[in-house]
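**Q** Structure supplied as work_31.txt; contents: compact mmCIF, C-alpha atoms.
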# COMPACT_ATOMS: atom_id res chain seq x y z
CA MET A 1 0.00 0.00 0.00
CA ASP A 2 1.56 3.18 -1.11
CA ARG A 3 1.07 5.83 1.50
CA GLN A 4 4.20 7.66 0.44
CA SER A 5 3.01 8.12 -3.13
CA ILE A 6 -0.16 9.83 -1.93
CA ILE A 7 1.84 12.06 0.39
CA GLU A 8 4.02 13.23 -2.46
CA HIS A 9 0.96 14.76 -4.08
CA ILE A 10 -0.17 16.75 -1.04
CA PRO A 11 1.61 20.00 -1.98
CA ARG A 12 -0.11 20.06 -5.35
CA LEU A 13 -3.48 19.24 -3.82
CA ARG A 14 -3.02 22.10 -1.36
CA ARG A 15 -2.08 24.51 -4.12
CA TYR A 16 -5.09 23.62 -6.20
CA ALA A 17 -7.45 23.72 -3.20
CA ARG A 18 -6.16 27.13 -2.08
CA ALA A 19 -6.53 28.64 -5.51
CA LEU A 20 -9.97 27.09 -5.86
CA VAL A 21 -11.61 28.10 -2.57
CA GLY A 22 -9.46 31.06 -1.55
CA ASP A 23 -9.49 30.54 2.21
CA ARG A 24 -6.54 28.69 3.72
CA TYR A 25 -8.56 26.89 6.39
CA VAL A 26 -11.34 25.81 4.10
CA ALA A 27 -8.74 24.70 1.54
CA ASP A 28 -6.80 22.61 4.03
CA ASP A 29 -10.04 21.04 5.23
CA LEU A 30 -10.79 20.16 1.64
CA VAL A 31 -7.36 18.54 1.27
CA GLN A 32 -7.80 16.64 4.53
CA ASP A 33 -11.18 15.31 3.47
CA THR A 34 -9.74 14.37 0.08
CA LEU A 35 -6.85 12.48 1.65
CA GLU A 36 -9.09 10.56 3.98
CA ARG A 37 -11.39 9.61 1.18
CA ALA A 38 -8.47 8.62 -1.03
CA TRP A 39 -7.10 6.45 1.70
CA ASN A 40 -10.41 4.68 2.17
CA LYS A 41 -10.88 4.21 -1.55
CA PHE A 42 -7.32 3.31 -2.34
CA TYR A 43 -8.36 -0.20 -3.33
CA LEU A 44 -10.24 1.40 -6.24
CA TRP A 45 -7.12 2.93 -7.68
CA ARG A 46 -5.68 0.96 -10.57
CA PRO A 47 -1.90 0.63 -10.17
CA GLY A 48 -0.17 2.11 -13.17
CA SER A 49 -2.85 4.71 -13.78
CA ASP A 50 -2.20 8.36 -12.98
CA LEU A 51 -2.42 8.78 -9.21
CA ARG A 52 -2.38 12.57 -9.43
CA ALA A 53 -5.38 12.65 -11.77
CA TRP A 54 -7.17 10.20 -9.48
CA LEU A 55 -6.55 12.43 -6.46
CA PHE A 56 -7.73 15.52 -8.31
CA THR A 57 -10.90 13.64 -9.24
CA ILE A 58 -11.54 12.78 -5.60
CA MET A 59 -10.94 16.38 -4.60
CA HIS A 60 -13.38 17.56 -7.25
CA ASN A 61 -16.06 15.18 -5.95
CA VAL A 62 -15.49 16.16 -2.33
CA PHE A 63 -15.56 19.84 -3.28
CA VAL A 64 -18.78 19.57 -5.25
CA ASN A 65 -20.48 17.65 -2.43
CA GLN A 66 -19.34 20.10 0.20
CA ALA A 67 -20.32 23.08 -1.87
CA ARG A 68 -23.77 21.58 -2.21
CA ARG A 69 -24.10 20.55 1.41
CA ARG A 70 -22.57 23.48 3.20
CA ARG A 71 -23.44 26.17 0.72
CA TYR A 72 -20.03 27.74 0.96
CA GLU A 73 -20.37 31.35 0.18
CA ILE A 74 -16.73 31.81 -0.29
CA GLU A 75 -15.89 35.36 -1.14
CA GLN A 76 -19.04 35.73 -3.11
CA ALA A 77 -20.85 38.42 -1.22
CA MET A 78 -18.00 39.69 0.91
CA ASP A 79 -15.12 41.64 -0.40
CA GLU A 80 -12.05 39.60 -0.02
CA LEU A 81 -8.36 39.76 0.52
CA PRO A 82 -6.17 37.80 -1.84
CA ALA A 83 -6.12 34.27 -0.60
CA VAL A 84 -2.41 33.77 -0.74
CA ALA A 85 0.56 35.68 0.47
CA VAL A 86 1.63 37.75 -2.44
CA ARG A 87 5.35 37.89 -2.82
CA ALA A 88 6.04 40.27 -5.61
CA THR A 89 7.62 43.55 -6.43
CA GLN A 90 5.57 46.67 -6.04
CA GLY A 91 5.02 46.88 -9.76
CA ASP A 92 3.17 43.67 -10.41
CA HIS A 93 1.63 43.34 -6.96
CA LEU A 94 -1.65 44.76 -8.13
CA GLU A 95 -1.86 42.55 -11.15
CA LEU A 96 -1.46 39.47 -8.98
CA GLU A 97 -4.23 40.59 -6.67
CA ASP A 98 -6.35 41.45 -9.65
CA VAL A 99 -5.95 38.04 -11.17
CA ASP A 100 -7.05 36.45 -7.90
CA ARG A 101 -10.07 38.71 -7.82
CA ALA A 102 -10.85 37.96 -11.45
CA LEU A 103 -10.70 34.26 -10.69
CA ARG A 104 -13.25 34.70 -7.90
CA THR A 105 -15.74 36.17 -10.37
CA LEU A 106 -15.90 32.88 -12.26
CA SER A 107 -18.40 30.15 -11.58
CA LEU A 108 -16.94 27.23 -9.64
CA GLU A 109 -17.07 25.10 -12.78
CA GLN A 110 -15.14 27.62 -14.82
CA ARG A 111 -12.65 28.19 -12.01
CA GLU A 112 -11.88 24.49 -11.76
CA VAL A 113 -11.15 24.23 -15.47
CA VAL A 114 -9.00 27.31 -15.70
CA LEU A 115 -6.91 26.33 -12.65
CA LEU A 116 -6.41 22.74 -13.77
CA VAL A 117 -5.26 23.97 -17.17
CA ALA A 118 -3.24 27.03 -16.21
CA VAL A 119 -1.78 26.20 -12.80
CA GLU A 120 -1.79 22.41 -12.63
CA GLN A 121 -1.07 22.17 -16.36
CA LEU A 122 -3.22 19.13 -16.95
CA THR A 123 -4.03 18.30 -20.56
CA TYR A 124 -7.58 19.01 -21.73
CA GLU A 125 -8.25 15.26 -21.75
CA GLU A 126 -7.06 14.94 -18.16
CA VAL A 127 -9.24 17.87 -17.12
CA GLY A 128 -12.24 16.21 -18.74
CA ARG A 129 -11.56 12.94 -16.96
CA THR A 130 -10.96 14.68 -13.64
CA LEU A 131 -14.21 16.60 -13.77
CA GLY A 132 -16.18 13.87 -15.48
CA VAL A 133 -17.21 16.01 -18.45
CA PRO A 134 -16.64 15.70 -22.21
CA ILE A 135 -13.76 17.60 -23.72
CA GLY A 136 -16.14 19.92 -25.57
CA THR A 137 -17.43 21.06 -22.19
CA VAL A 138 -13.88 21.61 -20.96
CA MET A 139 -13.14 23.81 -23.96
CA SER A 140 -16.29 25.88 -23.70
CA ARG A 141 -15.78 26.46 -19.95
CA LEU A 142 -12.15 27.38 -20.57
CA SER A 143 -13.07 29.79 -23.30
CA ARG A 144 -15.77 31.51 -21.24
CA ALA A 145 -13.56 31.63 -18.16
CA ARG A 146 -10.65 33.23 -19.97
CA GLU A 147 -12.80 35.78 -21.69
CA ARG A 148 -14.52 36.72 -18.47
CA MET A 149 -11.19 37.12 -16.70
CA ARG A 150 -9.89 39.21 -19.56
CA GLN A 151 -12.83 41.57 -19.28
CA HIS A 152 -12.39 41.74 -15.54
CA LEU A 153 -8.72 42.53 -15.91
CA GLY A 154 -9.56 45.38 -18.21
CA GLY A 155 -8.61 43.82 -21.49
CA GLN A 156 -10.65 44.90 -24.45
CA ALA A 157 -13.80 42.89 -24.50
CA ALA A 158 -14.89 42.03 -27.97
CA PRO A 159 -16.94 45.05 -28.97
CA SER A 160 -20.56 44.06 -29.08
CA LEU A 161 -22.08 47.51 -29.38
CA LYS A 162 -24.87 47.86 -31.79
CA VAL A 163 -25.47 51.05 -33.65
CA VAL A 164 -28.48 52.73 -32.15
CA LYS A 165 -30.35 55.12 -34.32
CA MET B 1 -6.30 30.45 -45.16
CA LYS B 2 -8.21 27.80 -43.29
CA ALA B 3 -10.13 29.22 -40.35
CA VAL B 4 -8.85 28.06 -36.99
CA THR B 5 -11.13 26.86 -34.19
CA GLU B 6 -11.47 28.38 -30.77
CA ALA B 7 -10.14 25.13 -29.29
CA GLU B 8 -6.97 25.41 -31.39
CA LEU B 9 -6.40 28.95 -30.17
CA HIS B 10 -6.55 27.78 -26.55
CA ALA B 11 -4.31 24.82 -27.31
CA TYR B 12 -1.81 27.31 -28.72
CA VAL B 13 -1.86 29.31 -25.46
CA ASP B 14 -1.38 26.14 -23.42
CA GLY B 15 1.47 24.80 -25.51
CA ALA B 16 -0.51 21.76 -26.58
CA LEU B 17 0.20 21.96 -30.33
CA SER B 18 2.82 20.42 -32.58
CA GLU B 19 5.27 22.71 -34.33
CA THR B 20 3.40 22.54 -37.60
CA GLU B 21 0.14 23.38 -35.90
CA ARG B 22 1.79 26.28 -34.06
CA ALA B 23 3.05 27.69 -37.33
CA GLY B 24 -0.48 27.51 -38.73
CA ILE B 25 -1.88 29.46 -35.76
CA GLU B 26 0.89 32.03 -35.94
CA ALA B 27 0.09 32.68 -39.58
CA TRP B 28 -3.54 33.16 -38.63
CA LEU B 29 -2.68 35.55 -35.80
CA ALA B 30 -0.52 37.66 -38.10
CA SER B 31 -3.63 38.62 -40.02
CA HIS B 32 -6.09 38.58 -37.09
CA PRO B 33 -4.89 41.14 -34.55
CA GLU B 34 -7.96 40.81 -32.34
CA ASP B 35 -7.30 37.12 -31.82
CA ALA B 36 -3.63 37.90 -31.27
CA ASP B 37 -4.50 40.39 -28.51
CA ARG B 38 -6.87 37.96 -26.92
CA LEU B 39 -4.30 35.16 -26.88
CA ARG B 40 -1.68 37.47 -25.42
CA ALA B 41 -4.08 38.27 -22.58
CA TYR B 42 -4.76 34.57 -21.99
CA SER B 43 -1.04 33.78 -21.86
CA GLU B 44 -0.59 36.56 -19.38
CA GLN B 45 -3.39 35.15 -17.23
CA ASN B 46 -1.57 31.80 -17.20
CA ALA B 47 1.68 33.44 -16.15
CA LEU B 48 0.04 35.53 -13.42
CA MET B 49 -1.84 32.60 -11.95
CA ARG B 50 1.30 30.48 -11.96
CA SER B 51 3.33 33.08 -10.16
CA LEU B 52 0.52 33.78 -7.70
CA TYR B 53 -0.34 30.21 -6.72
CA GLY B 54 2.89 28.45 -7.66
CA PRO B 55 4.73 29.18 -4.38
CA ILE B 56 2.04 27.41 -2.32
CA ILE B 57 3.64 24.16 -3.40
CA ASP B 58 6.71 24.96 -1.29
CA GLU B 59 4.79 25.55 1.93
CA PRO B 60 5.41 22.94 4.63
CA VAL B 61 2.64 20.36 4.78
CA PRO B 62 0.69 20.40 8.08
CA ALA B 63 1.49 17.42 10.28
CA SER B 64 -2.16 16.40 10.38
CA MET B 65 -2.05 15.64 6.66
CA LEU B 66 0.96 13.39 7.01
CA GLU B 67 -0.87 11.24 9.53
CA LEU B 68 -2.63 9.65 6.66
CA GLY B 69 -3.29 5.98 7.10
CA PRO B 70 -5.35 3.42 8.94
CA ARG B 71 -4.19 4.47 12.38
CA ALA B 72 -5.15 8.10 11.96
CA TRP B 73 -8.32 7.13 10.23
CA THR B 74 -9.40 4.81 13.04
CA ARG B 75 -8.85 7.46 15.67
CA TYR B 76 -10.60 10.02 13.57
CA ALA B 77 -13.62 7.80 13.01
CA ALA B 78 -13.70 6.70 16.64
CA SER B 79 -13.63 10.19 18.06
CA ALA B 80 -16.26 11.35 15.60
CA ALA B 81 -18.48 8.42 16.48
CA VAL B 82 -18.17 8.92 20.21
CA PHE B 83 -18.83 12.57 19.85
CA THR B 84 -21.80 12.05 17.58
CA LEU B 85 -23.33 9.46 19.88
CA GLY B 86 -22.63 11.60 22.89
CA ILE B 87 -24.53 14.61 21.78
CA GLY B 88 -26.32 13.42 18.68
CA MET B 89 -25.46 16.23 16.38
CA GLY B 90 -24.35 14.52 13.20
CA TRP B 91 -21.47 15.39 10.96
CA LEU B 92 -20.66 18.69 12.57
CA GLY B 93 -19.11 16.70 15.37
CA ARG B 94 -16.30 15.26 13.39
CA GLY B 95 -12.84 15.87 14.59
CA VAL B 96 -13.73 17.75 17.73
CA LEU B 97 -12.36 15.47 20.43
CA VAL B 98 -8.93 15.64 18.98
CA GLY B 99 -5.34 16.09 19.82
CA PRO B 100 -3.78 19.24 18.45
CA GLN B 101 -2.19 17.51 15.49
CA MET B 102 -5.09 15.45 14.36
CA VAL B 103 -7.54 17.24 12.22
CA GLN B 104 -7.19 20.65 10.77
CA VAL B 105 -10.60 22.01 11.58
CA SER B 106 -11.58 25.35 10.25
CA LEU B 107 -12.26 28.21 12.58
CA ALA B 108 -15.85 28.45 11.45
CA ARG B 109 -16.54 24.80 11.98
CA GLN B 110 -14.94 24.71 15.41
CA ALA B 111 -16.93 27.76 16.46
CA ALA B 112 -20.19 26.31 15.15
CA THR B 113 -19.53 23.08 17.00
CA ALA B 114 -18.84 24.91 20.25
CA HIS B 115 -22.02 26.89 19.70
CA ILE B 116 -24.10 23.77 19.20
CA VAL B 117 -22.61 22.08 22.23
CA TYR B 118 -22.95 24.91 24.73
CA SER B 119 -25.81 27.13 23.66
CA PRO B 120 -28.64 24.66 24.47
CA GLU B 121 -27.33 24.24 28.03
CA VAL B 122 -29.88 25.44 30.56
CA ARG B 123 -28.06 25.00 33.83
CA HIS B 124 -24.42 25.35 32.82
CA PRO B 125 -24.21 27.38 29.64
CA VAL B 126 -21.08 29.10 30.93
CA GLU B 127 -18.31 28.44 33.41
CA VAL B 128 -18.19 31.93 34.80
CA THR B 129 -21.29 34.09 34.77
CA VAL B 130 -21.62 37.75 33.95
CA ASP B 131 -21.80 38.52 37.71
CA GLU B 132 -18.07 37.96 37.73
CA GLU B 133 -17.42 39.60 34.39
CA GLU B 134 -14.22 41.28 35.44
CA HIS B 135 -12.78 38.02 36.72
CA LEU B 136 -13.96 36.20 33.60
CA VAL B 137 -12.27 38.60 31.22
CA ARG B 138 -9.08 38.72 33.27
CA TRP B 139 -8.93 34.93 33.44
CA LEU B 140 -9.52 34.35 29.72
CA SER B 141 -7.10 37.14 28.83
CA LYS B 142 -4.42 35.47 30.87
CA ARG B 143 -5.00 32.09 29.29
CA LEU B 144 -4.99 33.46 25.74
CA GLY B 145 -2.07 35.76 26.41
CA THR B 146 -3.77 38.91 25.19
CA LYS B 147 -6.02 41.60 26.56
CA LEU B 148 -9.53 40.44 25.72
CA ARG B 149 -12.74 42.37 25.97
CA ALA B 150 -16.29 41.10 26.03
CA PRO B 151 -18.17 43.25 23.52
CA ARG B 152 -21.30 45.12 24.72
CA LEU B 153 -24.24 44.04 22.63
CA GLY B 154 -27.02 45.45 24.83
CA PRO B 155 -28.16 47.98 22.23
CA LEU B 156 -28.75 45.07 19.84
CA GLY B 157 -30.77 43.22 22.46
CA TYR B 158 -28.11 40.71 23.47
CA GLU B 159 -26.77 40.60 27.01
CA LEU B 160 -23.64 38.79 28.11
CA VAL B 161 -24.43 35.52 29.90
CA GLY B 162 -20.83 34.65 30.71
CA GLY B 163 -18.01 32.65 29.23
CA ARG B 164 -15.77 29.67 29.40
CA LEU B 165 -12.37 28.42 28.42
CA LEU B 166 -12.28 25.81 25.65
CA SER B 167 -9.53 23.86 24.03
CA GLY B 168 -9.20 24.32 20.27
CA THR B 169 -6.83 22.85 17.73
CA GLN B 170 -4.60 25.90 18.11
CA GLY B 171 -4.63 26.09 21.92
CA PRO B 172 -6.90 27.81 24.42
CA VAL B 173 -10.13 29.40 23.22
CA ALA B 174 -12.22 32.07 24.92
CA HIS B 175 -15.93 31.52 24.48
CA PHE B 176 -18.42 34.27 25.32
CA MET B 177 -22.15 33.69 25.32
CA TYR B 178 -24.90 36.26 24.77
CA GLN B 179 -28.65 35.95 24.98
CA ASP B 180 -31.60 38.07 23.97
CA ALA B 181 -34.95 38.47 25.72
CA ARG B 182 -36.39 35.47 23.89
CA GLY B 183 -33.52 33.23 24.94
CA GLN B 184 -31.85 33.28 21.51
CA ARG B 185 -28.14 32.78 22.05
CA LEU B 186 -25.08 33.96 20.18
CA THR B 187 -21.53 32.88 20.95
CA LEU B 188 -18.24 34.61 20.27
CA TYR B 189 -15.28 32.27 19.82
CA VAL B 190 -11.79 33.77 20.14
CA SER B 191 -8.81 31.59 19.35
CA HIS B 192 -5.11 32.03 18.86
CA GLN B 193 -4.01 31.59 15.25
CA LYS B 194 -0.66 30.06 14.54
CA GLY B 195 1.63 31.41 11.87
CA GLU B 196 2.20 34.88 10.53
CA PRO B 197 -0.13 37.57 11.88
CA ARG B 198 -2.63 38.51 9.22
CA ASP B 199 -5.98 40.17 8.80
CA THR B 200 -8.92 38.98 6.80
CA ALA B 201 -12.25 40.41 5.84
CA PHE B 202 -15.47 39.03 7.30
CA ARG B 203 -16.32 35.64 5.96
CA PHE B 204 -19.56 33.77 6.26
CA SER B 205 -20.14 30.08 6.63
CA GLN B 206 -23.37 28.16 7.06
CA GLU B 207 -22.66 25.12 9.21
CA ASP B 208 -25.91 23.22 9.22
CA ARG B 209 -28.34 25.42 11.18
CA VAL B 210 -25.64 27.64 12.58
CA SER B 211 -24.60 30.82 10.78
CA VAL B 212 -21.03 31.93 11.44
CA PHE B 213 -19.24 35.16 10.63
CA TYR B 214 -15.53 34.83 11.18
CA TRP B 215 -12.40 36.85 10.64
CA VAL B 216 -8.74 36.87 11.58
CA ASP B 217 -7.17 39.90 13.20
CA GLY B 218 -3.44 39.65 13.75
CA ASN B 219 -2.77 36.50 15.73
CA PHE B 220 -6.38 35.89 16.74
CA GLY B 221 -9.32 34.35 14.99
CA TYR B 222 -12.85 35.48 15.89
CA ALA B 223 -16.09 33.72 15.05
CA LEU B 224 -19.60 34.82 15.92
CA SER B 225 -22.16 32.02 15.73
CA GLY B 226 -25.89 31.83 16.09
CA GLU B 227 -28.95 30.14 14.72
CA VAL B 228 -30.13 33.38 13.21
CA ARG B 229 -30.40 34.80 9.74
CA ARG B 230 -27.26 35.92 8.05
CA GLU B 231 -28.18 39.61 7.85
CA GLN B 232 -29.10 39.67 11.50
CA LEU B 233 -25.82 38.07 12.47
CA LEU B 234 -23.87 40.40 10.24
CA ARG B 235 -25.25 43.42 12.10
CA VAL B 236 -24.01 41.98 15.37
CA ALA B 237 -20.66 40.92 13.87
CA GLU B 238 -20.04 44.47 12.69
CA VAL B 239 -20.64 45.83 16.17
CA VAL B 240 -18.38 43.21 17.71
CA TYR B 241 -15.65 44.04 15.23
CA LYS B 242 -15.94 47.78 15.86
CA GLN B 243 -15.76 47.34 19.60
CA LEU B 244 -12.71 45.11 19.38
CA ASN B 245 -11.00 47.53 16.99
CA PRO B 246 -11.88 50.96 18.29
What would you get if you wrote out this structure as structure tokens?
**A**
Amino acid sequence: MDRQSIIEHIPRLRRYARALVGDRYVADDLVQDTLERAWNKFYLWRPGSDLRAWLFTIMHNVFVNQARRRRYEIEQAMDELPAVAVRATQGDHLELEDVDRALRTLSLEQREVVLLVAVEQLTYEEVGRTLGVPIGTVMSRLSRARERMRQHLGGQAAPSLKVVK
Amino acid sequence: MKAVTEAELHAYVDGALSETERAGIEAWLASHPEDADRLRAYSEQNALMRSLYGPIIDEPVPASMLELGPRAWTRYAASAAVFTLGIGMGWLGRGVLVGPQMVQVSLARQAATAHIVYSPEVRHPVEVTVDEEEHLVRWLSKRLGTKLRAPRLGPLGYELVGGRLLSGTQGPVAHFMYQDARGQRLTLYVSHQKGEPRDTAFRFSQEDRVSVFYWVDGNFGYALSGEVRREQLLRVAEVVYKQLNP
């Protein structure tokens, strides 16, 4: 039984959880719940398959269930500090905070996709398997998420003005 | 030129294309400046998110997470079961009767659990009653190692009942209880927070029937819990915060 191989993935699970939910305590709770579930379900893991993807899948399921059950209202109504310690020079400090804030404006589904692609650097196929959705869904969530973040970050939104007479 | 798909544009940003495919997209972008701008913005988002969240991976892993395995699991399940049987309150009880290293329980959840355990008490809701308020505050201040104050919530209809000392995952906890004329109780949970001092905004969590507003101020975490509506609790939380940060 490979306890060590699960432990090796904890830092990545924590990173993903923190970026996903924002709050350090809630994120570490999510990781803890994921680890306990993984341990109990370890017999379901097929040796040779990707353990990391399997753990991300468990985290996704735990997260979705908790979000449903506890109605987390993470940073949705309240204004929020950036979730992570920002170590940066003065110049790009704001941009980093902005990107965190932009991320919080996304739906949970969009946020999961964009983080798995951009931060965890999973392939689109892996993201689809992790979240249990077809790749077309991954691509449309990714596309909407990126465009929404771009608008939030002040990039030029595609002009959609109609000429009004 | 063959039109490219939206999916191909994203694959370009994420480095998921072969060299030939990349060249095809680059040719497209040369004549489609709007797409080029958009893709530049997406690449920048990737870079910003990586530099923002990347360093989390180097943080030390909490000991509780390394206790993974049958032993930890058995203790976890056993304590949760005992606790649940003992007071019959379901999943909120998990991980409460724990050693300091066992389960990382969030501030909100710990506070809600303490609220559920102590607020229904008729005879012993508190250890020290409001009659000895000065002693109570001095005692809890000493145990937490800071100068505490029990906020005055009279104008909102809540009077201090008293308080007690609890044990939380991060050490001693001061627990103040308030009650209104109808017997509705609110509790204020004050606990030491390990690590770098930091401040957070108000956060809200719904833990079963209990609403909790919580925040971290320097080295202390505060959580106000009650089985009341969110807006109602927020009004009280704001007053508490103002009194603690005059």
**Q** Mind pulling up the distance from atom CA of B:Gly163 to atom CA of B:Thr129?
**A**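 Computing it gives 6.6 Å between the two atoms.
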**Q** List every residue of chain B that has an atom at most 7 Å from any atom of chain A, and for each one report the closest atom pair and its distance in Å to one decimal, counting all atoms listed in the file, with rows sorted by chain and then by increasing residue number, as CSV.
**A**
residue,atom,partner,partner_atom,distance
B:Ala7,CA,A:Met139,CA,6.3
B:Ala41,CA,A:Arg150,CA,6.6
B:Tyr42,CA,A:Arg146,CA,6.4
B:Asn46,CA,A:Ala118,CA,5.1
B:Leu48,CA,A:Leu96,CA,6.1
B:Met49,CA,A:Val119,CA,6.5
B:Arg50,CA,A:Val119,CA,5.3
B:Leu52,CA,A:Leu96,CA,6.2
B:Tyr53,CA,A:Ala19,CA,6.5
B:Ile56,CA,A:Arg15,CA,5.4
B:Ile57,CA,A:Pro11,CA,4.8
B:Val61,CA,A:Pro11,CA,6.8
B:Met65,CA,A:Gln32,CA,6.2
B:Leu66,CA,A:Ile7,CA,6.8
B:Gly69,CA,A:Trp39,CA,6.6
B:Gln104,CA,A:Asp29,CA,6.2
B:Val105,CA,A:Asp29,CA,6.4
B:Ser106,CA,A:Tyr25,CA,5.1
B:Thr200,CA,A:Leu81,CA,6.4
B:Ala201,CA,A:Glu80,CA,5.9
B:Phe202,CA,A:Met78,CA,6.9
B:Arg203,CA,A:Met78,CA,6.7
B:Phe204,CA,A:Glu73,CA,6.6
B:Ser205,CA,A:Tyr72,CA,6.1
B:Gln206,CA,A:Arg70,CA,6.1
B:Glu207,CA,A:Arg70,CA,6.2
B:Asp208,CA,A:Arg70,CA,6.9
**Q** Using all atoms listed in the file, which residue out of B:Glu44, B:Glu34, B:Glu26, B:Asp199 lies closest to B:Phe220?
**A**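 Once distances to B:Phe220 are computed over all atoms listed in the file, the minimum belongs to B:Asp199.
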**Q** Go through A:Val133, A:Ser5, A:Glu109, A:Phe63 and flag the residue nearest A:Pro47, using all atoms listed in the file for the distances.
**A**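 Ranking A:Val133, A:Ser5, A:Glu109, A:Phe63 by distance to A:Pro47, first place goes to A:Ser5.
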**Q** Please indicate the distance in Å from atom CA of B:Thr113 to atom CA of B:Val216, rounded to one decimal place.
**A** 18.3 Å
**Q** What's the separation between atom CA of A:Ala17 and atom CA of B:Leu234, in Å to one decimal place?
**A**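 We find that atom CA of A:Ala17 and atom CA of B:Leu234 lie 27.0 Å from each other.
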**Q** Residues near B:Leu188, anyone? I mean within 9 Å using all atoms listed in the file, not counting same-chain ones fewer than 3 positions away, as a list in words.
**A**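 Selected residues are Ala111, His115, Ala150, Ala174, His175, Phe176, Met177, Tyr178, Tyr222, Ala223, Leu224, Ser225 and Val240 of chain B.
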**Q** As an MDAnalysis selection string, please: the residues near B:Gly162 (cut-off 12 Å, all atoms listed in the file, same-chain neighbours under 4 positions excluded).
**A** chainID B and resid 118:119 124:137 140 150:151 158 174:179 185:188
**Q** Let's have the selection written as a short mmCIF file (atom, residue, chain, number, x, y, z; two decimals), keeping the file's coordinate frame, with C-alpha atoms.
**A**
data_model
loop_
_atom_site.label_atom_id
_atom_site.label_comp_id
_atom_site.auth_asym_id
_atom_site.auth_seq_id
_atom_site.Cartn_x
_atom_site.Cartn_y
_atom_site.Cartn_z
CA TYR B 118 -22.95 24.91 24.73
CA SER B 119 -25.81 27.13 23.66
CA HIS B 124 -24.42 25.35 32.82
CA PRO B 125 -24.21 27.38 29.64
CA VAL B 126 -21.08 29.10 30.93
CA GLU B 127 -18.31 28.44 33.41
CA VAL B 128 -18.19 31.93 34.80
CA THR B 129 -21.29 34.09 34.77
CA VAL B 130 -21.62 37.75 33.95
CA ASP B 131 -21.80 38.52 37.71
CA GLU B 132 -18.07 37.96 37.73
CA GLU B 133 -17.42 39.60 34.39
CA GLU B 134 -14.22 41.28 35.44
CA HIS B 135 -12.78 38.02 36.72
CA LEU B 136 -13.96 36.20 33.60
CA VAL B 137 -12.27 38.60 31.22
CA LEU B 140 -9.52 34.35 29.72
CA ALA B 150 -16.29 41.10 26.03
CA PRO B 151 -18.17 43.25 23.52
CA TYR B 158 -28.11 40.71 23.47
CA ALA B 174 -12.22 32.07 24.92
CA HIS B 175 -15.93 31.52 24.48
CA PHE B 176 -18.42 34.27 25.32
CA MET B 177 -22.15 33.69 25.32
CA TYR B 178 -24.90 36.26 24.77
CA GLN B 179 -28.65 35.95 24.98
CA ARG B 185 -28.14 32.78 22.05
CA LEU B 186 -25.08 33.96 20.18
CA THR B 187 -21.53 32.88 20.95
CA LEU B 188 -18.24 34.61 20.27
#
